[in-house]
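This report refers to the structure that appears directly beneath it.
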Amino acid sequence: MACHKPADIYVDDVYTPIHVGRAISCYKDEMADMIGDDTGDNISEKNPYYCEMTAQYWAWKNYHDSEYIGFCHYSRYFYEQITNDNIDDFFSDGTDVVFAGPCYRRYNRWNCLKTYVCSEDLAIMQKVVQKHYPEYYKTLSQYGFDYIDYPLNMFICRRELFEEYAKWIFSILFECEKYVKLSSYSRARRLYGYLAEFLMPVFFIHRGYMIKPLHYHRLDSGTCGGGLRPQEKLIRYVLRNFILFRDKTNEIGIDYCVEAGLSNDKIQI
């Protein structure tokens with residue numbers, strides 16, 4: 001459970017809070033009773049840019065004692081409580097990974113992402129995926145053109161599957177770091193957390209893993225996700241079959257102005 005500031009949280013033998021960004025936090029004393037993401041092999045100092053992903057990196061490198069592993073937030077939980085007694089039930093039907101959501105969006109996932117991340121940063125991510133994982137690019141495009149998402153970097157899966165995912169996602173994010181020019185705005189600096197949120201489902205969808213969606217609870221707005229309402233299913237059907245896939249190439253392109261800007265910035269991938 002990623003926590004970046006003091007808060008009322010639920011804790012038991014399954015839900016384990018981790019203080020993210022502890023290396024640079026002003027709440028070290030107030031949150032001293034939590035695990036910190038600043039021990040062992042860690043990227044704690046990158047928390048302003050990676051958000052909850054610093055907790056995932058820490059768990060990947062330093063925590064190896066559980067059969068399953070999952071992630072949530074101090075203010076966002078899976079609606080069903082996960083326990084040692086019911087965890088196997090979530091996977092008894094062949095499910096590979098549990099996601100929060102899905103959530104229906106008014107705009108496709110790619111356009112939603114553009115409201116958080118500048119076009120040059122997205123182009124860099126595209127180029128990195130094309131170069132290092134070209135077999136994933138069509139799945140990335142299909143997910144980007146869709147109108148649902150699995151948000152918040154929240155999931156549960158077996159430990160060995162998490163290891164595979166972590167190796168994949170951090171290789172992409174670290175490669176993007178070589179080219180990105182970070183914004184001075186605090187919200188825009190959360191770039192790598194946003195990119196990971198977009199890319200996470202791509203990994204599991206591309207590999208054909210069976211996904212089980214669960215409602216999640218936001219303390220500020222109540223219960224979300226867990227499936228689409230009938231009208232949302234109808235809208236999505238129309239969008240997917242008459243708008244979404246009318247371009248048979250079905251790949252996200254990079255605007256020529258963005259390409260020119262990257263060239264002017266001497267960014268070549």
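Chain lettering (A, B, ...) mirrors the order of the structure tokens, residue numbering begins at 1 for each chain separately, and ligand numbering begins at 1 in order of display.
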
Show me, as number ranges by chain, the residues that have an atom within 7 Å of range 137-149 of chain A when counting only C-alpha atoms, minus same-chain residues fewer than 2 positions from it.
A: 102-110, 129-130, 134-135, 151, 202, 206, 236, 244, 250-252

Store the residues of this selection in a file with N, CA, C and O atoms, as an mmCIF file, in the first residue's frame.
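After the write, result-v2.cif holds the following:
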data_model
loop_
_atom_site.group_PDB
_atom_site.id
_atom_site.type_symbol
_atom_site.label_atom_id
_atom_site.label_comp_id
_atom_site.auth_asym_id
_atom_site.auth_seq_id
_atom_site.Cartn_x
_atom_site.Cartn_y
_atom_site.Cartn_z
ATOM 1 N N PRO A 102 -12.648 -2.464 -14.998
ATOM 2 C CA PRO A 102 -12.242 -1.381 -15.902
ATOM 3 C C PRO A 102 -13.128 -0.157 -15.748
ATOM 4 O O PRO A 102 -14.238 -0.233 -15.228
ATOM 5 N N CYS A 103 -12.631 0.983 -16.233
ATOM 6 C CA CYS A 103 -13.374 2.235 -16.190
ATOM 7 C C CYS A 103 -13.619 2.716 -17.618
ATOM 8 O O CYS A 103 -12.719 2.662 -18.456
ATOM 9 N N TYR A 104 -14.832 3.150 -17.872
ATOM 10 C CA TYR A 104 -15.166 3.703 -19.182
ATOM 11 C C TYR A 104 -14.777 5.176 -19.226
ATOM 12 O O TYR A 104 -15.018 5.925 -18.284
ATOM 13 N N ARG A 105 -14.168 5.595 -20.327
ATOM 14 C CA ARG A 105 -13.746 6.984 -20.491
ATOM 15 C C ARG A 105 -14.492 7.635 -21.654
ATOM 16 O O ARG A 105 -14.824 6.969 -22.640
ATOM 17 N N ARG A 106 -14.716 8.931 -21.545
ATOM 18 C CA ARG A 106 -15.393 9.668 -22.619
ATOM 19 C C ARG A 106 -14.517 9.787 -23.858
ATOM 20 O O ARG A 106 -15.013 9.927 -24.971
ATOM 21 N N TYR A 107 -13.204 9.772 -23.654
ATOM 22 C CA TYR A 107 -12.255 9.853 -24.763
ATOM 23 C C TYR A 107 -11.403 8.600 -24.748
ATOM 24 O O TYR A 107 -11.257 7.936 -23.716
ATOM 25 N N ASN A 108 -10.821 8.267 -25.907
ATOM 26 C CA ASN A 108 -10.010 7.055 -25.905
ATOM 27 C C ASN A 108 -8.800 7.224 -24.984
ATOM 28 O O ASN A 108 -8.424 8.326 -24.613
ATOM 29 N N ARG A 109 -8.241 6.102 -24.636
ATOM 30 C CA ARG A 109 -7.200 6.096 -23.615
ATOM 31 C C ARG A 109 -6.009 6.960 -24.003
ATOM 32 O O ARG A 109 -5.372 7.591 -23.158
ATOM 33 N N TRP A 110 -5.696 6.992 -25.277
ATOM 34 C CA TRP A 110 -4.552 7.776 -25.755
ATOM 35 C C TRP A 110 -4.789 9.263 -25.550
ATOM 36 O O TRP A 110 -3.924 9.988 -25.065
ATOM 37 N N VAL A 129 9.312 1.693 -27.022
ATOM 38 C CA VAL A 129 8.619 0.411 -27.161
ATOM 39 C C VAL A 129 8.860 -0.169 -28.549
ATOM 40 O O VAL A 129 9.148 -1.367 -28.699
ATOM 41 N N GLN A 130 8.769 0.657 -29.584
ATOM 42 C CA GLN A 130 9.004 0.176 -30.945
ATOM 43 C C GLN A 130 10.404 -0.401 -31.107
ATOM 44 O O GLN A 130 10.598 -1.404 -31.793
ATOM 45 N N PRO A 134 9.144 -4.353 -30.100
ATOM 46 C CA PRO A 134 8.267 -4.078 -31.256
ATOM 47 C C PRO A 134 7.044 -4.989 -31.316
ATOM 48 O O PRO A 134 6.001 -4.590 -31.848
ATOM 49 N N GLU A 135 7.144 -6.190 -30.768
ATOM 50 C CA GLU A 135 6.016 -7.107 -30.805
ATOM 51 C C GLU A 135 4.845 -6.633 -29.956
ATOM 52 O O GLU A 135 3.711 -7.096 -30.113
ATOM 53 N N PRO A 151 -6.960 1.372 -14.233
ATOM 54 C CA PRO A 151 -6.185 2.507 -13.733
ATOM 55 C C PRO A 151 -5.352 2.207 -12.492
ATOM 56 O O PRO A 151 -5.422 1.141 -11.890
ATOM 57 N N VAL A 202 -1.034 -3.209 -21.058
ATOM 58 C CA VAL A 202 -0.488 -3.635 -22.345
ATOM 59 C C VAL A 202 0.328 -4.909 -22.183
ATOM 60 O O VAL A 202 0.231 -5.840 -22.989
ATOM 61 N N HIS A 206 -1.121 -8.215 -23.990
ATOM 62 C CA HIS A 206 -0.326 -8.735 -25.095
ATOM 63 C C HIS A 206 0.019 -10.211 -24.892
ATOM 64 O O HIS A 206 0.003 -10.991 -25.853
ATOM 65 N N ARG A 236 -19.213 1.575 -26.246
ATOM 66 C CA ARG A 236 -17.898 1.023 -26.582
ATOM 67 C C ARG A 236 -17.978 0.152 -27.831
ATOM 68 O O ARG A 236 -17.087 0.170 -28.678
ATOM 69 N N LEU A 244 -13.318 3.128 -33.970
ATOM 70 C CA LEU A 244 -12.010 2.780 -33.436
ATOM 71 C C LEU A 244 -11.117 2.064 -34.442
ATOM 72 O O LEU A 244 -9.952 2.379 -34.580
ATOM 73 N N ASN A 250 -4.268 0.497 -37.597
ATOM 74 C CA ASN A 250 -4.548 0.483 -36.157
ATOM 75 C C ASN A 250 -3.295 0.686 -35.321
ATOM 76 O O ASN A 250 -3.053 -0.016 -34.355
ATOM 77 N N GLU A 251 -2.478 1.629 -35.715
ATOM 78 C CA GLU A 251 -1.295 1.943 -34.929
ATOM 79 C C GLU A 251 -1.251 3.436 -34.648
ATOM 80 O O GLU A 251 -1.605 4.257 -35.504
ATOM 81 N N ILE A 252 -0.832 3.776 -33.442
ATOM 82 C CA ILE A 252 -0.703 5.172 -33.047
ATOM 83 C C ILE A 252 0.511 5.762 -33.753
ATOM 84 O O ILE A 252 1.631 5.272 -33.608
#

From a backbone DSSP assignment, name each residue in range 27-251 of chain A labelled strand (DSSP E), as a count of residues only.
33

Two-atom distance - CA of Ser66 in chain A, CA of Val14 in chain A (Å):
9.9 Å

Hey, what does DSSP flag as alpha helix (DSSP H) within range 65-192 of chain A? Can you give it to me as a PyMOL selection string?
chain A and resi 87-91+109-114+119-132+137-145+159-177+191-192

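Minimum atom-to-atom distance to Gly94 in chain A, evaluated using only C-alpha atoms, belongs to A:Lys212 out of A:Lys212, A:Arg187, A:Lys178, A:Lys114.
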
Go through range 116-177 of chain A residue by residue and, counting only C-alpha atoms, keep those with an atom at most 9 Å from range 253-264 of chain A; for each kept residue give the shortest atom pair and its distance in Å to one decimal, ordered by chain and increasing number, as CSV.
residue,atom,partner,partner_atom,distance
A:Ser119,CA,A:Val258,CA,6.8
A:Glu120,CA,A:Val258,CA,6.0
A:Leu122,CA,A:Ile254,CA,8.8
A:Ala123,CA,A:Ile254,CA,6.3
A:Ile124,CA,A:Leu262,CA,8.7
A:Gln126,CA,A:Ile254,CA,8.4
A:Ser141,CA,A:Gly253,CA,8.9

Quick one: everything within 10 Å of Leu182 in chain A, counting only C-alpha atoms, minus sequence neighbours fewer than 5 positions away in the same chain. Send it as number ranges by chain.
A: 49, 121, 177, 188-191

Go ahead and write the selection's residues with all heavy atoms as an mmCIF file, in the first residue's frame.
data_model
loop_
_atom_site.group_PDB
_atom_site.id
_atom_site.type_symbol
_atom_site.label_atom_id
_atom_site.label_comp_id
_atom_site.auth_asym_id
_atom_site.auth_seq_id
_atom_site.Cartn_x
_atom_site.Cartn_y
_atom_site.Cartn_z
ATOM 1 N N TYR A 49 8.737 11.607 -9.709
ATOM 2 C CA TYR A 49 8.570 11.301 -11.123
ATOM 3 C C TYR A 49 7.921 9.935 -11.349
ATOM 4 O O TYR A 49 7.216 9.732 -12.323
ATOM 5 C CB TYR A 49 9.928 11.339 -11.823
ATOM 6 C CG TYR A 49 10.812 12.459 -11.324
ATOM 7 C CD1 TYR A 49 11.929 12.206 -10.536
ATOM 8 C CD2 TYR A 49 10.493 13.787 -11.606
ATOM 9 C CE1 TYR A 49 12.714 13.235 -10.050
ATOM 10 C CE2 TYR A 49 11.274 14.823 -11.135
ATOM 11 C CZ TYR A 49 12.385 14.544 -10.349
ATOM 12 O OH TYR A 49 13.148 15.572 -9.856
ATOM 13 N N ASP A 121 6.865 13.533 -24.792
ATOM 14 C CA ASP A 121 7.111 12.425 -23.868
ATOM 15 C C ASP A 121 6.428 11.150 -24.350
ATOM 16 O O ASP A 121 6.983 10.047 -24.246
ATOM 17 C CB ASP A 121 6.624 12.783 -22.466
ATOM 18 C CG ASP A 121 7.422 13.912 -21.836
ATOM 19 O OD1 ASP A 121 8.571 14.132 -22.269
ATOM 20 O OD2 ASP A 121 6.905 14.570 -20.920
ATOM 21 N N GLU A 177 13.956 7.644 -19.634
ATOM 22 C CA GLU A 177 14.674 8.655 -18.847
ATOM 23 C C GLU A 177 15.863 9.240 -19.607
ATOM 24 O O GLU A 177 16.263 10.379 -19.369
ATOM 25 C CB GLU A 177 15.164 8.057 -17.531
ATOM 26 C CG GLU A 177 14.189 8.127 -16.386
ATOM 27 C CD GLU A 177 14.865 7.886 -15.061
ATOM 28 O OE1 GLU A 177 15.534 8.817 -14.556
ATOM 29 O OE2 GLU A 177 14.740 6.771 -14.525
ATOM 30 N N ALA A 188 3.201 17.558 -13.964
ATOM 31 C CA ALA A 188 3.800 16.998 -15.170
ATOM 32 C C ALA A 188 5.030 16.154 -14.855
ATOM 33 O O ALA A 188 5.395 15.266 -15.629
ATOM 34 C CB ALA A 188 4.160 18.116 -16.145
ATOM 35 N N ARG A 189 5.671 16.418 -13.717
ATOM 36 C CA ARG A 189 6.848 15.629 -13.352
ATOM 37 C C ARG A 189 6.484 14.181 -13.015
ATOM 38 O O ARG A 189 7.372 13.332 -12.954
ATOM 39 C CB ARG A 189 7.571 16.273 -12.164
ATOM 40 C CG ARG A 189 8.322 17.536 -12.498
ATOM 41 C CD ARG A 189 9.444 17.800 -11.504
ATOM 42 N NE ARG A 189 8.964 17.843 -10.131
ATOM 43 C CZ ARG A 189 8.619 18.955 -9.489
ATOM 44 N NH1 ARG A 189 8.648 20.118 -10.137
ATOM 45 N NH2 ARG A 189 8.223 18.925 -8.233
ATOM 46 N N ARG A 190 5.216 13.897 -12.790
ATOM 47 C CA ARG A 190 4.798 12.537 -12.449
ATOM 48 C C ARG A 190 4.744 11.640 -13.681
ATOM 49 O O ARG A 190 4.051 10.629 -13.712
ATOM 50 C CB ARG A 190 3.433 12.584 -11.770
ATOM 51 C CG ARG A 190 3.429 13.435 -10.507
ATOM 52 C CD ARG A 190 2.039 13.635 -9.950
ATOM 53 N NE ARG A 190 1.466 12.387 -9.468
ATOM 54 C CZ ARG A 190 0.249 12.288 -8.934
ATOM 55 N NH1 ARG A 190 -0.521 13.351 -8.835
ATOM 56 N NH2 ARG A 190 -0.195 11.117 -8.527
ATOM 57 N N LEU A 191 5.499 11.995 -14.675
ATOM 58 C CA LEU A 191 5.465 11.372 -15.991
ATOM 59 C C LEU A 191 5.538 9.848 -15.937
ATOM 60 O O LEU A 191 4.737 9.148 -16.556
ATOM 61 C CB LEU A 191 6.623 11.925 -16.830
ATOM 62 C CG LEU A 191 6.941 11.168 -18.118
ATOM 63 C CD1 LEU A 191 5.797 11.317 -19.101
ATOM 64 C CD2 LEU A 191 8.247 11.675 -18.715
#

All residues 8 Å or closer to Leu152 in chain A, only C-alpha atoms, same chain fewer than 5 positions away omitted, as a PyMOL selection string
chain A and resi 72+100+197

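Closest approach to Tyr185 in chain A among A:Ala166, A:Leu199, A:Ile24, A:Val117: A:Val117, based on only C-alpha atoms.
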